[in-house]
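Note sheet for the following structure.
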Amino acid sequence: MALTTHTASNHATDQLGYTALPALLRRMRGDEKHDWASESTIDVIWTLYDRVLRVDPLDPENPDRDRFYLSKGHGPMAYYAVLTAKGFIDPAMLDGFAGPDSILGHHPDRRLIPGVEISSGSLGQGLALGIGATTALALSRSSGRVFVLMGDGELDEGSNHEAIAYAARAELDALNVVVVDNDSATHGWPGGIARRFDVEGWSVETVDGRDHLAMEAAFTARHPGRPRAVIAEVGGVR
């Protein structure tokens, strides 16, 4: 059976709450090695979709929508659960997760899944893509913002060193990065992750990655002329 892109339908108006997420996650089996990677991101992704992002499952291509880029693309079950709760994905799709006829793979595919902006899985690419998208949105005079979710281990990738430096020099204040810090980085950075962004001129804040109110405040703080980095600490899960 050929895979086809699915669009939001009547389930888009029947959204679920945060308490529904564990049951939605349990419906996706077969990628247990990445359960911890998924679990570490769920509160961050939920907070963004529930409190911050200007997105609409009934109008997913609106040119002024915010863009969410999941750079940490392995273990996407939390992402799929939140998209389901918010009406982008039909809940029935979860039961076939990663099957031969499923749109929901071990890495998200933007060509197949409604609401997914980038295909990801290979680490270290999301921030550079986010810079490109932010630049394009500014040129088109769109009010859309870009939010990139990265893992702390991704900061070991050389591409991110260049991207962090460039984004601040370009004053991309519609660009927002959230680094989920679960103590998985190999190399680290002197002074910690926040210092890595701060020295390049970013607006930076470190928060509890389980505290929805604190994250909402951090994600919505004004930062004119500077990109924003939020370090969401979630403890040692990978």
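By order in the structure tokens, chains are A, B, ...; within a chain, residues start at 1; ligands start at 1, following the order shown.
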Please, which residues in stretch 86-140 of chain A fall within 10 Å of stretch 176-200 of chain A when counting only C-alpha atoms, and what is the closest atom pair and distance in Å to one decimal for each, ordered by chain then residue number, as a tab-separated table?
```
residue	atom	partner	partner_atom	distance
A:Gly126	CA	A:Val177	CA	9.7
A:Leu127	CA	A:Val177	CA	7.7
A:Gly130	CA	A:Asn176	CA	8.7
A:Ile131	CA	A:Asn176	CA	9.7
A:Thr134	CA	A:Asn176	CA	9.6
```
Sorted by chain and rising residue number, list the residues of stretch 14-118 of chain A at most 12 Å from stretch 201-208 of chain A (counting only C-alpha atoms), each with its closest atom pair and distance in Å to one decimal, as a tab-separated table.
```
residue	atom	partner	partner_atom	distance
A:Ser40	CA	A:Asp208	CA	11.6
A:Thr41	CA	A:Asp208	CA	12.0
A:Asp43	CA	A:Asp208	CA	10.0
A:Val44	CA	A:Asp208	CA	9.7
```
Write out as a PyMOL selection string all residues of stretch 125-228 of chain A that DSSP puts in strand (DSSP E or B) for this structure's backbone. chain A and resi 146-151+175-181+203-208+228
Output N, CA and C atoms for every residue in the selection just made, as a JSON list (two decimals), in the first residue's frame.
```json
[["chain", "number", "residue", "atom", "x", "y", "z"],
["A", 146, "VAL", "N", 9.99, 31.08, 14.48],
["A", 146, "VAL", "CA", 10.54, 29.73, 14.34],
["A", 146, "VAL", "C", 11.03, 29.26, 15.71],
["A", 147, "PHE", "N", 10.62, 28.05, 16.09],
["A", 147, "PHE", "CA", 11.06, 27.43, 17.34],
["A", 147, "PHE", "C", 11.74, 26.11, 17.00],
["A", 148, "VAL", "N", 12.98, 25.96, 17.41],
["A", 148, "VAL", "CA", 13.77, 24.76, 17.12],
["A", 148, "VAL", "C", 14.05, 24.03, 18.43],
["A", 149, "LEU", "N", 13.67, 22.76, 18.50],
["A", 149, "LEU", "CA", 13.97, 21.94, 19.67],
["A", 149, "LEU", "C", 15.20, 21.10, 19.38],
["A", 150, "MET", "N", 16.22, 21.26, 20.22],
["A", 150, "MET", "CA", 17.46, 20.50, 20.08],
["A", 150, "MET", "C", 17.72, 19.71, 21.35],
["A", 151, "GLY", "N", 18.53, 18.67, 21.23],
["A", 151, "GLY", "CA", 19.04, 17.98, 22.39],
["A", 151, "GLY", "C", 20.40, 18.53, 22.76],
["A", 175, "LEU", "N", 13.83, 33.95, 15.80],
["A", 175, "LEU", "CA", 14.35, 32.60, 15.99],
["A", 175, "LEU", "C", 14.43, 32.27, 17.47],
["A", 176, "ASN", "N", 13.86, 31.13, 17.84],
["A", 176, "ASN", "CA", 13.86, 30.66, 19.23],
["A", 176, "ASN", "C", 14.35, 29.21, 19.26],
["A", 177, "VAL", "N", 15.26, 28.95, 20.15],
["A", 177, "VAL", "CA", 15.80, 27.60, 20.31],
["A", 177, "VAL", "C", 15.52, 27.12, 21.73],
["A", 178, "VAL", "N", 15.07, 25.89, 21.85],
["A", 178, "VAL", "CA", 14.98, 25.28, 23.18],
["A", 178, "VAL", "C", 15.88, 24.05, 23.16],
["A", 179, "VAL", "N", 16.83, 24.03, 24.07],
["A", 179, "VAL", "CA", 17.75, 22.90, 24.21],
["A", 179, "VAL", "C", 17.26, 22.05, 25.38],
["A", 180, "VAL", "N", 16.85, 20.82, 25.10],
["A", 180, "VAL", "CA", 16.45, 19.90, 26.16],
["A", 180, "VAL", "C", 17.71, 19.26, 26.72],
["A", 181, "ASP", "N", 18.03, 19.63, 27.94],
["A", 181, "ASP", "CA", 19.28, 19.19, 28.57],
["A", 181, "ASP", "C", 19.01, 17.98, 29.46],
["A", 203, "SER", "N", 19.87, 36.01, 23.63],
["A", 203, "SER", "CA", 19.10, 36.13, 24.86],
["A", 203, "SER", "C", 18.89, 34.72, 25.40],
["A", 204, "VAL", "N", 19.24, 34.50, 26.67],
["A", 204, "VAL", "CA", 19.31, 33.14, 27.20],
["A", 204, "VAL", "C", 18.61, 33.04, 28.55],
["A", 205, "GLU", "N", 17.93, 31.91, 28.77],
["A", 205, "GLU", "CA", 17.34, 31.62, 30.07],
["A", 205, "GLU", "C", 17.35, 30.11, 30.30],
["A", 206, "THR", "N", 17.63, 29.69, 31.51],
["A", 206, "THR", "CA", 17.58, 28.28, 31.90],
["A", 206, "THR", "C", 16.37, 28.05, 32.79],
["A", 207, "VAL", "N", 15.59, 27.00, 32.47],
["A", 207, "VAL", "CA", 14.36, 26.72, 33.21],
["A", 207, "VAL", "C", 14.26, 25.23, 33.52],
["A", 208, "ASP", "N", 13.32, 24.91, 34.39],
["A", 208, "ASP", "CA", 12.95, 23.52, 34.67],
["A", 208, "ASP", "C", 12.13, 23.02, 33.49],
["A", 228, "ARG", "N", 16.67, 33.88, 20.68],
["A", 228, "ARG", "CA", 16.38, 33.45, 22.06],
["A", 228, "ARG", "C", 16.73, 31.99, 22.23]]
```
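Going from atom CA of A:Ser159 to atom CA of A:Leu137 covers 21.8 Å.
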Can you list, as a PyMOL selection string, every protein, DNA or RNA residue that comes within 12 Å of A:Gly17 when you count only C-alpha atoms, leaving out same-chain residues fewer than 2 positions away? chain A and resi 14-15+19-24+46-47+49-50+81-87
With C-alpha atoms retained, could you export that selection as a PDB file, in the first residue's frame?
```
ATOM      1  CA  ASP A  14     -11.759  17.583  19.117  1.00  0.00           C
ATOM      2  CA  GLN A  15      -8.548  18.337  21.000  1.00  0.00           C
ATOM      3  CA  THR A  19      -3.517  14.132  30.864  1.00  0.00           C
ATOM      4  CA  ALA A  20      -4.304  12.234  27.651  1.00  0.00           C
ATOM      5  CA  LEU A  21      -0.643  12.073  26.605  1.00  0.00           C
ATOM      6  CA  PRO A  22       0.402   8.918  28.543  1.00  0.00           C
ATOM      7  CA  ALA A  23      -2.388   6.891  26.947  1.00  0.00           C
ATOM      8  CA  LEU A  24      -1.491   8.213  23.504  1.00  0.00           C
ATOM      9  CA  TRP A  46       3.310  20.243  25.038  1.00  0.00           C
ATOM     10  CA  THR A  47       4.010  23.698  26.472  1.00  0.00           C
ATOM     11  CA  TYR A  49       1.785  23.680  21.343  1.00  0.00           C
ATOM     12  CA  ASP A  50      -0.565  24.401  24.215  1.00  0.00           C
ATOM     13  CA  ALA A  81       1.300  12.336  20.832  1.00  0.00           C
ATOM     14  CA  VAL A  82       1.145  16.121  21.126  1.00  0.00           C
ATOM     15  CA  LEU A  83       0.221  16.538  17.452  1.00  0.00           C
ATOM     16  CA  THR A  84      -2.558  14.011  18.022  1.00  0.00           C
ATOM     17  CA  ALA A  85      -3.812  15.769  21.139  1.00  0.00           C
ATOM     18  CA  LYS A  86      -3.850  19.060  19.257  1.00  0.00           C
ATOM     19  CA  GLY A  87      -5.821  17.717  16.306  1.00  0.00           C
TER      20      GLY A  87
END
```
Residue contacts of A:Leu94 (9 Å, only C-alpha atoms) excluding same-chain residues fewer than 5 positions away, as an mmCIF file with C-alpha atoms, in the first residue's frame:
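That gives us around_18.cif:
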```cif
data_model
loop_
_atom_site.group_PDB
_atom_site.id
_atom_site.type_symbol
_atom_site.label_atom_id
_atom_site.label_comp_id
_atom_site.auth_asym_id
_atom_site.auth_seq_id
_atom_site.Cartn_x
_atom_site.Cartn_y
_atom_site.Cartn_z
ATOM 1 C CA LEU A 24 -1.491 8.213 23.504
ATOM 2 C CA LEU A 25 2.163 7.306 24.049
ATOM 3 C CA ARG A 27 -0.347 3.183 21.712
ATOM 4 C CA MET A 28 3.022 3.541 19.959
ATOM 5 C CA TYR A 80 3.279 12.521 17.593
ATOM 6 C CA ALA A 81 1.300 12.336 20.832
ATOM 7 C CA THR A 84 -2.558 14.011 18.022
ATOM 8 C CA ILE A 89 -3.058 13.573 13.583
ATOM 9 C CA SER A 102 2.093 4.044 8.581
ATOM 10 C CA LEU A 104 4.396 7.764 11.522
#
```
Test item, helix (DSSP H, G or I) assignment across stretch 71-169 of chain A, answer as a PyMOL selection string: chain A and resi 77-85+91-96+126-139+152-156+158-169
Applying 9 Å and only C-alpha atoms, which residues near A:Ala170 remain after dropping the ones on its own chain fewer than 6 positions away? List them as a list in words. Gly225, Arg226 and Pro227 of chain A
Write to file, as a short mmCIF file (atom, residue, chain, number, x, y, z; two decimals), in the first residue's frame, the residues of the selection just made, with N, CA and C atoms.
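And here is the file that came out, selection.cif:
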```cif
data_model
loop_
_atom_site.label_atom_id
_atom_site.label_comp_id
_atom_site.auth_asym_id
_atom_site.auth_seq_id
_atom_site.Cartn_x
_atom_site.Cartn_y
_atom_site.Cartn_z
N GLY A 225 16.04 42.14 18.64
CA GLY A 225 17.38 42.20 18.06
C GLY A 225 18.27 41.03 18.37
N ARG A 226 17.76 40.04 19.13
CA ARG A 226 18.59 38.89 19.48
C ARG A 226 17.76 37.60 19.37
N PRO A 227 18.35 36.53 18.88
CA PRO A 227 17.66 35.24 18.95
C PRO A 227 17.58 34.79 20.41
#
```
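Shortest separation to A:Leu58 among A:Glu162, A:Val230, A:Pro114, A:Asp156 occurs at residue A:Pro114, atoms counted being only C-alpha atoms.
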For A:Ile103: contacts at 10 Å, only C-alpha atoms, fewer than 3 positions along chain excluded, given as an MDAnalysis selection string: chainID A and resid 3:6 89 93:94 96:100 106 108:114
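If you look at atom CA of A:Gly73 and atom CA of A:Ala163, they are 18.3 Å away from each other.
Rounded to one decimal, atom CA of A:Glu171 and atom CA of A:Ile231 lie 19.4 Å from each other.
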Taking 6 positions as the minimum chain separation for residues in the same chain, which residues sit within 10 Å of A:Asp64 when counting only C-alpha atoms? Answer as a ChimeraX atom specification. /A:54-55,137,140-145
